[in-house]
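Let me begin by presenting the structure, written as structure tokens, before commenting on it.
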Amino acid sequence: MDATLQYLLDLLDLERIEEDIFRGDSHASVIPRVFGGQVAAQALVAACRTVPEDRLPHSLHSYFLRPGDPGSPIVYTVDRIRDGRSFTTRRVVAVQHGQPIFHLSASFQVAEEGLEHQEPMPDAPDPETLPTAEEMLPRYADLFFDPRAVDLLLQARRAIDLRYVAEPPFATAGQPRAARSQVWFRANGKLDGDRDDPVAHLCLGTYVSDMTLLDSVLVAHGRGGWMTGDIVGASLDHAMWFHRPFRADEWLLYDTDSPTSQGGRGLARGRIFTRDGRLAVSVIQEGLMRVPRPRP
């Protein structure tokens with residue numbers, strides 16, 4: 001297994017402090033706060049640790065309350081809201097420096113048979129035909145205000161092989177286009193042994209789901225994003241529905257669009273498909289999207 005993937009899995013492997021209290025480490029991200037996908041994934045891990053193994057999460061709803069400090073651990077407290085015959089509900093609060101920074105509610109269900117249908121998978125080129133981050137990002141180094149941006153982005157995504165179908169927002173800044181974005185992604189290595197369990201794949205998917213979701217809002221307005229300095233933003237809330245099993249170490253297509261933006265906020269929707277066309281996850285997020293005011 002790749003060392004950076006091992007590091008990410010270790011980051012998601014929380015320490016149990018008490019029966020329903022867990023502690024997780026943090027690491028630096030591209031921006032000077034804890035990456036939202038990390039907090040969401042760790043909170044889901046904490047919830048899963050209090051639920052019987054025959055129940056997997058089918059949905060989560062969460063709010064980002066305060067920026068997280070990447071230099072300090074995060075404590076996750078789980079409330080056992082309900083244990084029913086088919087469904088289990090958990091609430092998780094992430095605390096840092098004595099203040100809540102994140103709140104998550106997750107619902108779990110035993111496996112059941114039922115009616116099935118889904119939207120078809122959209123067209124997309126094969127991931128092997130697309131450039132890797134190492135091949136793509138250096139081309140755009142001059143667009144970033146921080147000379148360390150390429151190295152920071154590569155470091156932040158080294159555990160995840162993420163490939164844009166079309167050019168990323170920062171490559172087309174100033175040129176509005178359709179409010180849609182697609183990426184292929186997978187873990188940069190195979191999960192094996194004790195690491196290869198359904199919860200690990202779900203939590204890795206949760207981690208990645210916050211990486212490019214708001215790109216669909218950015219491209220609609222020709223904005224390059226956080227690293228070009230033409231937008232100030234943050235995730236506000238995040239919801240996911242897990243429909244079908246998937247492996248995070250196999251190619252997944254993340255298809256996103258944005259139906260609206262207003263009031264300094266943008267709404268983005270995402271669908272994650274397995275390579276063989278099964279709709280695995282639906283995602284919705286609203287993000288803070290402020291245009292920086294010119295300095296006097």
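Chain labels run A, B, ... following the order of the structure tokens; each chain numbers its residues from 1, and ligands are numbered from 1 in the order shown.
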Selection near range 98-111 of chain A, 6 Å with only C-alpha atoms, sequence-local residues under 6 positions removed, as a PDB file with all heavy atoms, in the first residue's frame:
ATOM      1  N   ASP A  54     -23.536  -5.094  11.172  1.00  0.00           N
ATOM      2  CA  ASP A  54     -24.484  -5.437  10.110  1.00  0.00           C
ATOM      3  C   ASP A  54     -25.255  -4.222   9.605  1.00  0.00           C
ATOM      4  O   ASP A  54     -26.130  -4.349   8.747  1.00  0.00           O
ATOM      5  CB  ASP A  54     -25.475  -6.506  10.591  1.00  0.00           C
ATOM      6  CG  ASP A  54     -26.380  -6.014  11.720  1.00  0.00           C
ATOM      7  OD1 ASP A  54     -26.041  -4.993  12.376  1.00  0.00           O
ATOM      8  OD2 ASP A  54     -27.430  -6.643  11.961  1.00  0.00           O
ATOM      9  N   ARG A  55     -24.928  -3.028  10.112  1.00  0.00           N
ATOM     10  CA  ARG A  55     -25.595  -1.796   9.686  1.00  0.00           C
ATOM     11  C   ARG A  55     -24.560  -0.822   9.141  1.00  0.00           C
ATOM     12  O   ARG A  55     -23.575  -0.505   9.805  1.00  0.00           O
ATOM     13  CB  ARG A  55     -26.353  -1.153  10.850  1.00  0.00           C
ATOM     14  CG  ARG A  55     -27.380  -2.099  11.446  1.00  0.00           C
ATOM     15  CD  ARG A  55     -28.185  -1.493  12.557  1.00  0.00           C
ATOM     16  NE  ARG A  55     -29.095  -2.514  13.082  1.00  0.00           N
ATOM     17  CZ  ARG A  55     -30.294  -2.254  13.581  1.00  0.00           C
ATOM     18  NH1 ARG A  55     -30.740  -1.008  13.632  1.00  0.00           N
ATOM     19  NH2 ARG A  55     -31.058  -3.228  14.028  1.00  0.00           N
ATOM     20  N   LEU A  56     -24.818  -0.351   7.920  1.00  0.00           N
ATOM     21  CA  LEU A  56     -23.938   0.617   7.287  1.00  0.00           C
ATOM     22  C   LEU A  56     -24.691   1.932   7.101  1.00  0.00           C
ATOM     23  O   LEU A  56     -25.917   1.941   7.000  1.00  0.00           O
ATOM     24  CB  LEU A  56     -23.460   0.096   5.930  1.00  0.00           C
ATOM     25  CG  LEU A  56     -22.498  -1.090   5.971  1.00  0.00           C
ATOM     26  CD1 LEU A  56     -22.208  -1.589   4.562  1.00  0.00           C
ATOM     27  CD2 LEU A  56     -21.197  -0.722   6.685  1.00  0.00           C
ATOM     28  N   PRO A  57     -23.969   3.055   7.055  1.00  0.00           N
ATOM     29  CA  PRO A  57     -24.651   4.332   6.877  1.00  0.00           C
ATOM     30  C   PRO A  57     -25.332   4.416   5.515  1.00  0.00           C
ATOM     31  O   PRO A  57     -24.776   3.996   4.506  1.00  0.00           O
ATOM     32  CB  PRO A  57     -23.518   5.355   6.991  1.00  0.00           C
ATOM     33  CG  PRO A  57     -22.275   4.596   6.689  1.00  0.00           C
ATOM     34  CD  PRO A  57     -22.507   3.216   7.181  1.00  0.00           C
ATOM     35  N   HIS A  58     -26.551   4.946   5.499  1.00  0.00           N
ATOM     36  CA  HIS A  58     -27.224   5.207   4.228  1.00  0.00           C
ATOM     37  C   HIS A  58     -27.362   6.697   3.980  1.00  0.00           C
ATOM     38  O   HIS A  58     -27.622   7.117   2.847  1.00  0.00           O
ATOM     39  CB  HIS A  58     -28.597   4.530   4.175  1.00  0.00           C
ATOM     40  CG  HIS A  58     -29.614   5.138   5.091  1.00  0.00           C
ATOM     41  ND1 HIS A  58     -30.406   6.213   4.736  1.00  0.00           N
ATOM     42  CD2 HIS A  58     -29.966   4.820   6.360  1.00  0.00           C
ATOM     43  CE1 HIS A  58     -31.196   6.526   5.741  1.00  0.00           C
ATOM     44  NE2 HIS A  58     -30.955   5.701   6.739  1.00  0.00           N
ATOM     45  N   SER A  59     -27.146   7.521   5.014  1.00  0.00           N
ATOM     46  CA  SER A  59     -27.165   8.967   4.789  1.00  0.00           C
ATOM     47  C   SER A  59     -26.457   9.671   5.934  1.00  0.00           C
ATOM     48  O   SER A  59     -26.341   9.149   7.045  1.00  0.00           O
ATOM     49  CB  SER A  59     -28.604   9.495   4.679  1.00  0.00           C
ATOM     50  OG  SER A  59     -29.265   9.440   5.928  1.00  0.00           O
ATOM     51  N   LEU A  60     -25.968  10.875   5.620  1.00  0.00           N
ATOM     52  CA  LEU A  60     -25.424  11.763   6.635  1.00  0.00           C
ATOM     53  C   LEU A  60     -25.767  13.196   6.266  1.00  0.00           C
ATOM     54  O   LEU A  60     -25.887  13.548   5.095  1.00  0.00           O
ATOM     55  CB  LEU A  60     -23.913  11.586   6.812  1.00  0.00           C
ATOM     56  CG  LEU A  60     -22.964  11.948   5.664  1.00  0.00           C
ATOM     57  CD1 LEU A  60     -22.637  13.444   5.637  1.00  0.00           C
ATOM     58  CD2 LEU A  60     -21.683  11.142   5.767  1.00  0.00           C
ATOM     59  N   HIS A  61     -25.957  14.000   7.302  1.00  0.00           N
ATOM     60  CA  HIS A  61     -26.245  15.428   7.139  1.00  0.00           C
ATOM     61  C   HIS A  61     -25.370  16.174   8.137  1.00  0.00           C
ATOM     62  O   HIS A  61     -25.347  15.821   9.323  1.00  0.00           O
ATOM     63  CB  HIS A  61     -27.728  15.712   7.397  1.00  0.00           C
ATOM     64  CG  HIS A  61     -28.644  14.962   6.476  1.00  0.00           C
ATOM     65  ND1 HIS A  61     -29.184  15.514   5.343  1.00  0.00           N
ATOM     66  CD2 HIS A  61     -29.085  13.685   6.517  1.00  0.00           C
ATOM     67  CE1 HIS A  61     -29.933  14.629   4.724  1.00  0.00           C
ATOM     68  NE2 HIS A  61     -29.887  13.495   5.423  1.00  0.00           N
ATOM     69  N   SER A  62     -24.683  17.202   7.679  1.00  0.00           N
ATOM     70  CA  SER A  62     -23.698  17.826   8.548  1.00  0.00           C
ATOM     71  C   SER A  62     -23.592  19.319   8.300  1.00  0.00           C
ATOM     72  O   SER A  62     -23.967  19.821   7.237  1.00  0.00           O
ATOM     73  CB  SER A  62     -22.325  17.166   8.339  1.00  0.00           C
ATOM     74  OG  SER A  62     -21.886  17.340   7.001  1.00  0.00           O
ATOM     75  N   TYR A  63     -23.046  20.005   9.312  1.00  0.00           N
ATOM     76  CA  TYR A  63     -22.784  21.439   9.237  1.00  0.00           C
ATOM     77  C   TYR A  63     -21.357  21.722   9.689  1.00  0.00           C
ATOM     78  O   TYR A  63     -20.895  21.190  10.708  1.00  0.00           O
ATOM     79  CB  TYR A  63     -23.749  22.229  10.121  1.00  0.00           C
ATOM     80  CG  TYR A  63     -25.134  22.345   9.555  1.00  0.00           C
ATOM     81  CD1 TYR A  63     -26.112  21.411   9.879  1.00  0.00           C
ATOM     82  CD2 TYR A  63     -25.473  23.383   8.689  1.00  0.00           C
ATOM     83  CE1 TYR A  63     -27.391  21.509   9.363  1.00  0.00           C
ATOM     84  CE2 TYR A  63     -26.750  23.485   8.161  1.00  0.00           C
ATOM     85  CZ  TYR A  63     -27.704  22.550   8.492  1.00  0.00           C
ATOM     86  OH  TYR A  63     -28.975  22.641   7.961  1.00  0.00           O
ATOM     87  N   PHE A  64     -20.680  22.572   8.925  1.00  0.00           N
ATOM     88  CA  PHE A  64     -19.371  23.077   9.317  1.00  0.00           C
ATOM     89  C   PHE A  64     -19.595  24.356  10.116  1.00  0.00           C
ATOM     90  O   PHE A  64     -20.119  25.343   9.589  1.00  0.00           O
ATOM     91  CB  PHE A  64     -18.513  23.352   8.087  1.00  0.00           C
ATOM     92  CG  PHE A  64     -18.224  22.118   7.268  1.00  0.00           C
ATOM     93  CD1 PHE A  64     -19.057  21.745   6.225  1.00  0.00           C
ATOM     94  CD2 PHE A  64     -17.118  21.333   7.550  1.00  0.00           C
ATOM     95  CE1 PHE A  64     -18.805  20.608   5.476  1.00  0.00           C
ATOM     96  CE2 PHE A  64     -16.852  20.185   6.804  1.00  0.00           C
ATOM     97  CZ  PHE A  64     -17.694  19.825   5.771  1.00  0.00           C
ATOM     98  N   LEU A  65     -19.210  24.347  11.391  1.00  0.00           N
ATOM     99  CA  LEU A  65     -19.548  25.434  12.304  1.00  0.00           C
ATOM    100  C   LEU A  65     -18.423  26.447  12.473  1.00  0.00           C
ATOM    101  O   LEU A  65     -18.663  27.654  12.539  1.00  0.00           O
ATOM    102  CB  LEU A  65     -19.921  24.858  13.672  1.00  0.00           C
ATOM    103  CG  LEU A  65     -21.032  23.806  13.663  1.00  0.00           C
ATOM    104  CD1 LEU A  65     -21.228  23.233  15.064  1.00  0.00           C
ATOM    105  CD2 LEU A  65     -22.333  24.399  13.133  1.00  0.00           C
ATOM    106  N   ARG A  66     -17.198  25.969  12.564  1.00  0.00           N
ATOM    107  CA  ARG A  66     -16.034  26.833  12.741  1.00  0.00           C
ATOM    108  C   ARG A  66     -14.852  26.231  11.990  1.00  0.00           C
ATOM    109  O   ARG A  66     -14.786  25.014  11.796  1.00  0.00           O
ATOM    110  CB  ARG A  66     -15.651  26.961  14.228  1.00  0.00           C
ATOM    111  CG  ARG A  66     -16.655  27.699  15.080  1.00  0.00           C
ATOM    112  CD  ARG A  66     -16.183  27.741  16.534  1.00  0.00           C
ATOM    113  NE  ARG A  66     -17.078  28.546  17.362  1.00  0.00           N
ATOM    114  CZ  ARG A  66     -18.158  28.088  17.965  1.00  0.00           C
ATOM    115  NH1 ARG A  66     -18.478  26.799  17.848  1.00  0.00           N
ATOM    116  NH2 ARG A  66     -18.914  28.876  18.694  1.00  0.00           N
ATOM    117  N   SER A  86     -34.502  -1.831  12.353  1.00  0.00           N
ATOM    118  CA  SER A  86     -33.914  -1.721  11.015  1.00  0.00           C
ATOM    119  C   SER A  86     -32.963  -0.539  10.875  1.00  0.00           C
ATOM    120  O   SER A  86     -32.030  -0.592  10.085  1.00  0.00           O
ATOM    121  CB  SER A  86     -35.016  -1.582   9.952  1.00  0.00           C
ATOM    122  OG  SER A  86     -35.868  -2.709   9.940  1.00  0.00           O
ATOM    123  N   PHE A  87     -33.208   0.520  11.630  1.00  0.00           N
ATOM    124  CA  PHE A  87     -32.437   1.749  11.485  1.00  0.00           C
ATOM    125  C   PHE A  87     -31.793   2.139  12.807  1.00  0.00           C
ATOM    126  O   PHE A  87     -32.342   1.908  13.890  1.00  0.00           O
ATOM    127  CB  PHE A  87     -33.327   2.902  10.996  1.00  0.00           C
ATOM    128  CG  PHE A  87     -33.769   2.760   9.571  1.00  0.00           C
ATOM    129  CD1 PHE A  87     -34.922   2.049   9.255  1.00  0.00           C
ATOM    130  CD2 PHE A  87     -33.033   3.324   8.536  1.00  0.00           C
ATOM    131  CE1 PHE A  87     -35.339   1.916   7.934  1.00  0.00           C
ATOM    132  CE2 PHE A  87     -33.444   3.189   7.214  1.00  0.00           C
ATOM    133  CZ  PHE A  87     -34.593   2.488   6.913  1.00  0.00           C
ATOM    134  N   THR A  88     -30.629   2.761  12.689  1.00  0.00           N
ATOM    135  CA  THR A  88     -29.894   3.293  13.831  1.00  0.00           C
ATOM    136  C   THR A  88     -29.502   4.729  13.503  1.00  0.00           C
ATOM    137  O   THR A  88     -29.097   5.021  12.376  1.00  0.00           O
ATOM    138  CB  THR A  88     -28.629   2.457  14.103  1.00  0.00           C
ATOM    139  OG1 THR A  88     -29.020   1.139  14.512  1.00  0.00           O
ATOM    140  CG2 THR A  88     -27.781   3.078  15.184  1.00  0.00           C
ATOM    141  N   THR A  89     -29.616   5.611  14.496  1.00  0.00           N
ATOM    142  CA  THR A  89     -29.289   7.022  14.291  1.00  0.00           C
ATOM    143  C   THR A  89     -28.227   7.453  15.289  1.00  0.00           C
ATOM    144  O   THR A  89     -28.314   7.123  16.482  1.00  0.00           O
ATOM    145  CB  THR A  89     -30.533   7.908  14.461  1.00  0.00           C
ATOM    146  OG1 THR A  89     -31.577   7.426  13.616  1.00  0.00           O
ATOM    147  CG2 THR A  89     -30.224   9.354  14.083  1.00  0.00           C
ATOM    148  N   ARG A  90     -27.245   8.183  14.776  1.00  0.00           N
ATOM    149  CA  ARG A  90     -26.189   8.720  15.623  1.00  0.00           C
ATOM    150  C   ARG A  90     -25.972  10.204  15.339  1.00  0.00           C
ATOM    151  O   ARG A  90     -26.138  10.652  14.205  1.00  0.00           O
ATOM    152  CB  ARG A  90     -24.863   7.974  15.377  1.00  0.00           C
ATOM    153  CG  ARG A  90     -24.876   6.510  15.779  1.00  0.00           C
ATOM    154  CD  ARG A  90     -24.971   6.353  17.276  1.00  0.00           C
ATOM    155  NE  ARG A  90     -24.884   4.967  17.716  1.00  0.00           N
ATOM    156  CZ  ARG A  90     -25.933   4.210  18.023  1.00  0.00           C
ATOM    157  NH1 ARG A  90     -27.169   4.707  17.918  1.00  0.00           N
ATOM    158  NH2 ARG A  90     -25.775   2.978  18.438  1.00  0.00           N
ATOM    159  N   ARG A  91     -25.605  10.931  16.382  1.00  0.00           N
ATOM    160  CA  ARG A  91     -25.239  12.335  16.241  1.00  0.00           C
ATOM    161  C   ARG A  91     -23.808  12.494  16.741  1.00  0.00           C
ATOM    162  O   ARG A  91     -23.456  11.969  17.804  1.00  0.00           O
ATOM    163  CB  ARG A  91     -26.185  13.231  17.030  1.00  0.00           C
ATOM    164  CG  ARG A  91     -25.865  14.735  16.908  1.00  0.00           C
ATOM    165  CD  ARG A  91     -26.927  15.575  17.596  1.00  0.00           C
ATOM    166  NE  ARG A  91     -27.023  15.223  19.016  1.00  0.00           N
ATOM    167  CZ  ARG A  91     -28.119  15.421  19.739  1.00  0.00           C
ATOM    168  NH1 ARG A  91     -29.210  15.920  19.181  1.00  0.00           N
ATOM    169  NH2 ARG A  91     -28.125  15.106  21.027  1.00  0.00           N
ATOM    170  N   VAL A  92     -22.990  13.219  15.989  1.00  0.00           N
ATOM    171  CA  VAL A  92     -21.583  13.394  16.339  1.00  0.00           C
ATOM    172  C   VAL A  92     -21.266  14.886  16.383  1.00  0.00           C
ATOM    173  O   VAL A  92     -21.627  15.639  15.462  1.00  0.00           O
ATOM    174  CB  VAL A  92     -20.656  12.705  15.321  1.00  0.00           C
ATOM    175  CG1 VAL A  92     -19.195  12.822  15.765  1.00  0.00           C
ATOM    176  CG2 VAL A  92     -21.051  11.243  15.131  1.00  0.00           C
TER     177      VAL A  92
END
Residues of range 103-262 of chain A classed as strand (DSSP E) by DSSP on the backbone are to be reported as number ranges by chain.
A: 103-110, 160-164, 180-187, 232-242, 252-262
Filtering to N, CA and C atoms, could you give me those residues as a short mmCIF file (atom, residue, chain, number, x, y, z; two decimals), in the first residue's frame?
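Written output follows (result31.cif):
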data_model
loop_
_atom_site.label_atom_id
_atom_site.label_comp_id
_atom_site.auth_asym_id
_atom_site.auth_seq_id
_atom_site.Cartn_x
_atom_site.Cartn_y
_atom_site.Cartn_z
N HIS A 103 -20.81 19.37 13.12
CA HIS A 103 -21.92 18.57 13.64
C HIS A 103 -22.41 17.64 12.55
N LEU A 104 -22.60 16.36 12.88
CA LEU A 104 -23.03 15.38 11.89
C LEU A 104 -24.12 14.50 12.48
N SER A 105 -25.14 14.23 11.67
CA SER A 105 -26.14 13.21 12.00
C SER A 105 -26.07 12.14 10.92
N ALA A 106 -26.04 10.90 11.32
CA ALA A 106 -25.94 9.79 10.37
C ALA A 106 -26.99 8.75 10.69
N SER A 107 -27.54 8.14 9.63
CA SER A 107 -28.53 7.08 9.79
C SER A 107 -27.98 5.80 9.17
N PHE A 108 -28.19 4.69 9.86
CA PHE A 108 -27.69 3.39 9.44
C PHE A 108 -28.86 2.44 9.24
N GLN A 109 -28.67 1.46 8.36
CA GLN A 109 -29.75 0.52 8.06
C GLN A 109 -29.18 -0.89 7.86
N VAL A 110 -29.94 -1.88 8.28
CA VAL A 110 -29.57 -3.25 7.95
C VAL A 110 -29.81 -3.46 6.46
N ILE A 160 -4.85 10.30 -3.05
CA ILE A 160 -5.99 10.12 -3.94
C ILE A 160 -5.55 10.44 -5.36
N ASP A 161 -5.77 9.51 -6.27
CA ASP A 161 -5.52 9.74 -7.70
C ASP A 161 -6.78 10.40 -8.27
N LEU A 162 -6.70 11.72 -8.50
CA LEU A 162 -7.86 12.50 -8.93
C LEU A 162 -7.55 13.13 -10.28
N ARG A 163 -8.41 12.89 -11.27
CA ARG A 163 -8.16 13.36 -12.63
C ARG A 163 -9.38 14.10 -13.18
N TYR A 164 -9.17 15.34 -13.59
CA TYR A 164 -10.23 16.17 -14.15
C TYR A 164 -10.57 15.72 -15.56
N ARG A 180 -20.94 22.78 -14.42
CA ARG A 180 -20.77 21.34 -14.28
C ARG A 180 -19.29 20.99 -14.24
N SER A 181 -18.96 19.96 -13.49
CA SER A 181 -17.58 19.49 -13.40
C SER A 181 -17.59 17.98 -13.22
N GLN A 182 -16.57 17.32 -13.76
CA GLN A 182 -16.42 15.87 -13.60
C GLN A 182 -14.97 15.55 -13.25
N VAL A 183 -14.81 14.62 -12.32
CA VAL A 183 -13.48 14.06 -12.05
C VAL A 183 -13.63 12.55 -11.85
N TRP A 184 -12.60 11.83 -12.21
CA TRP A 184 -12.44 10.44 -11.80
C TRP A 184 -11.53 10.42 -10.58
N PHE A 185 -11.81 9.53 -9.62
CA PHE A 185 -10.91 9.42 -8.48
C PHE A 185 -10.87 7.99 -7.97
N ARG A 186 -9.79 7.68 -7.29
CA ARG A 186 -9.63 6.41 -6.57
C ARG A 186 -8.50 6.57 -5.57
N ALA A 187 -8.49 5.74 -4.56
CA ALA A 187 -7.38 5.73 -3.61
C ALA A 187 -6.11 5.33 -4.35
N VAL A 232 -13.39 33.89 -1.92
CA VAL A 232 -13.19 33.53 -0.52
C VAL A 232 -14.35 32.62 -0.15
N GLY A 233 -14.06 31.43 0.33
CA GLY A 233 -15.17 30.51 0.56
C GLY A 233 -14.86 29.43 1.56
N ALA A 234 -15.90 28.67 1.85
CA ALA A 234 -15.78 27.53 2.77
C ALA A 234 -17.04 26.70 2.64
N SER A 235 -16.93 25.43 2.98
CA SER A 235 -18.11 24.57 3.02
C SER A 235 -18.99 24.98 4.20
N LEU A 236 -20.29 25.04 3.98
CA LEU A 236 -21.24 25.37 5.03
C LEU A 236 -21.95 24.14 5.57
N ASP A 237 -22.47 23.32 4.67
CA ASP A 237 -23.10 22.07 5.08
C ASP A 237 -22.80 21.01 4.03
N HIS A 238 -23.10 19.75 4.37
CA HIS A 238 -22.72 18.65 3.49
C HIS A 238 -23.66 17.49 3.79
N ALA A 239 -24.29 16.97 2.75
CA ALA A 239 -25.20 15.84 2.91
C ALA A 239 -24.85 14.77 1.89
N MET A 240 -24.95 13.50 2.31
CA MET A 240 -24.63 12.38 1.43
C MET A 240 -25.65 11.27 1.63
N TRP A 241 -25.96 10.58 0.54
CA TRP A 241 -26.81 9.39 0.58
C TRP A 241 -26.05 8.26 -0.09
N PHE A 242 -25.85 7.17 0.63
CA PHE A 242 -25.10 6.03 0.12
C PHE A 242 -26.10 5.01 -0.41
N LEU A 252 -13.92 5.81 -9.63
CA LEU A 252 -15.26 6.34 -9.40
C LEU A 252 -15.40 7.67 -10.14
N LEU A 253 -16.52 7.87 -10.80
CA LEU A 253 -16.77 9.13 -11.51
C LEU A 253 -17.60 10.04 -10.61
N TYR A 254 -17.08 11.24 -10.36
CA TYR A 254 -17.77 12.24 -9.55
C TYR A 254 -18.31 13.31 -10.50
N ASP A 255 -19.60 13.27 -10.76
CA ASP A 255 -20.26 14.18 -11.68
C ASP A 255 -21.02 15.23 -10.86
N THR A 256 -20.68 16.51 -11.02
CA THR A 256 -21.27 17.56 -10.19
C THR A 256 -21.85 18.67 -11.05
N ASP A 257 -22.88 19.33 -10.52
CA ASP A 257 -23.44 20.51 -11.16
C ASP A 257 -23.94 21.46 -10.09
N SER A 258 -24.26 22.68 -10.51
CA SER A 258 -24.74 23.70 -9.57
C SER A 258 -26.02 24.31 -10.11
N PRO A 259 -27.16 24.12 -9.42
CA PRO A 259 -28.42 24.69 -9.90
C PRO A 259 -28.58 26.18 -9.61
N THR A 260 -27.83 26.70 -8.59
CA THR A 260 -28.03 28.10 -8.23
C THR A 260 -26.90 28.60 -7.35
N SER A 261 -26.69 29.92 -7.39
CA SER A 261 -25.86 30.61 -6.40
C SER A 261 -26.47 31.97 -6.16
N GLN A 262 -26.41 32.43 -4.91
CA GLN A 262 -27.03 33.69 -4.52
C GLN A 262 -26.65 33.99 -3.08
#
In Å, with one decimal, what is the gap from CA of Ser26 in chain A to CA of Pro70 in chain A?
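A separation of 5.1 Å between them.
Restricting the calculation to only C-alpha atoms, the smallest distance between Pro52 in chain A and any of A:Phe145, A:Arg85, A:Arg223, A:Gly264 is found for A:Arg85.
Surrounding range 148-151 of chain A within 12 Å are A:Ser29, A:Val30, A:Ile31, A:Ala133, A:Glu134, A:Glu135, A:Met136, A:Leu137, A:Pro138, A:Arg139, A:Tyr140, A:Ala141, A:Asp142, A:Arg157, A:Arg158, A:Phe170, A:Trp226, A:Met227, A:Thr228, A:Gly229, with only C-alpha atoms counted and residues fewer than 6 positions along the same chain left out.
Shortest separation to Glu250 in chain A among A:Pro292, A:Leu214, A:Arg265, A:Leu204 occurs at residue A:Leu204, atoms counted being only C-alpha atoms.
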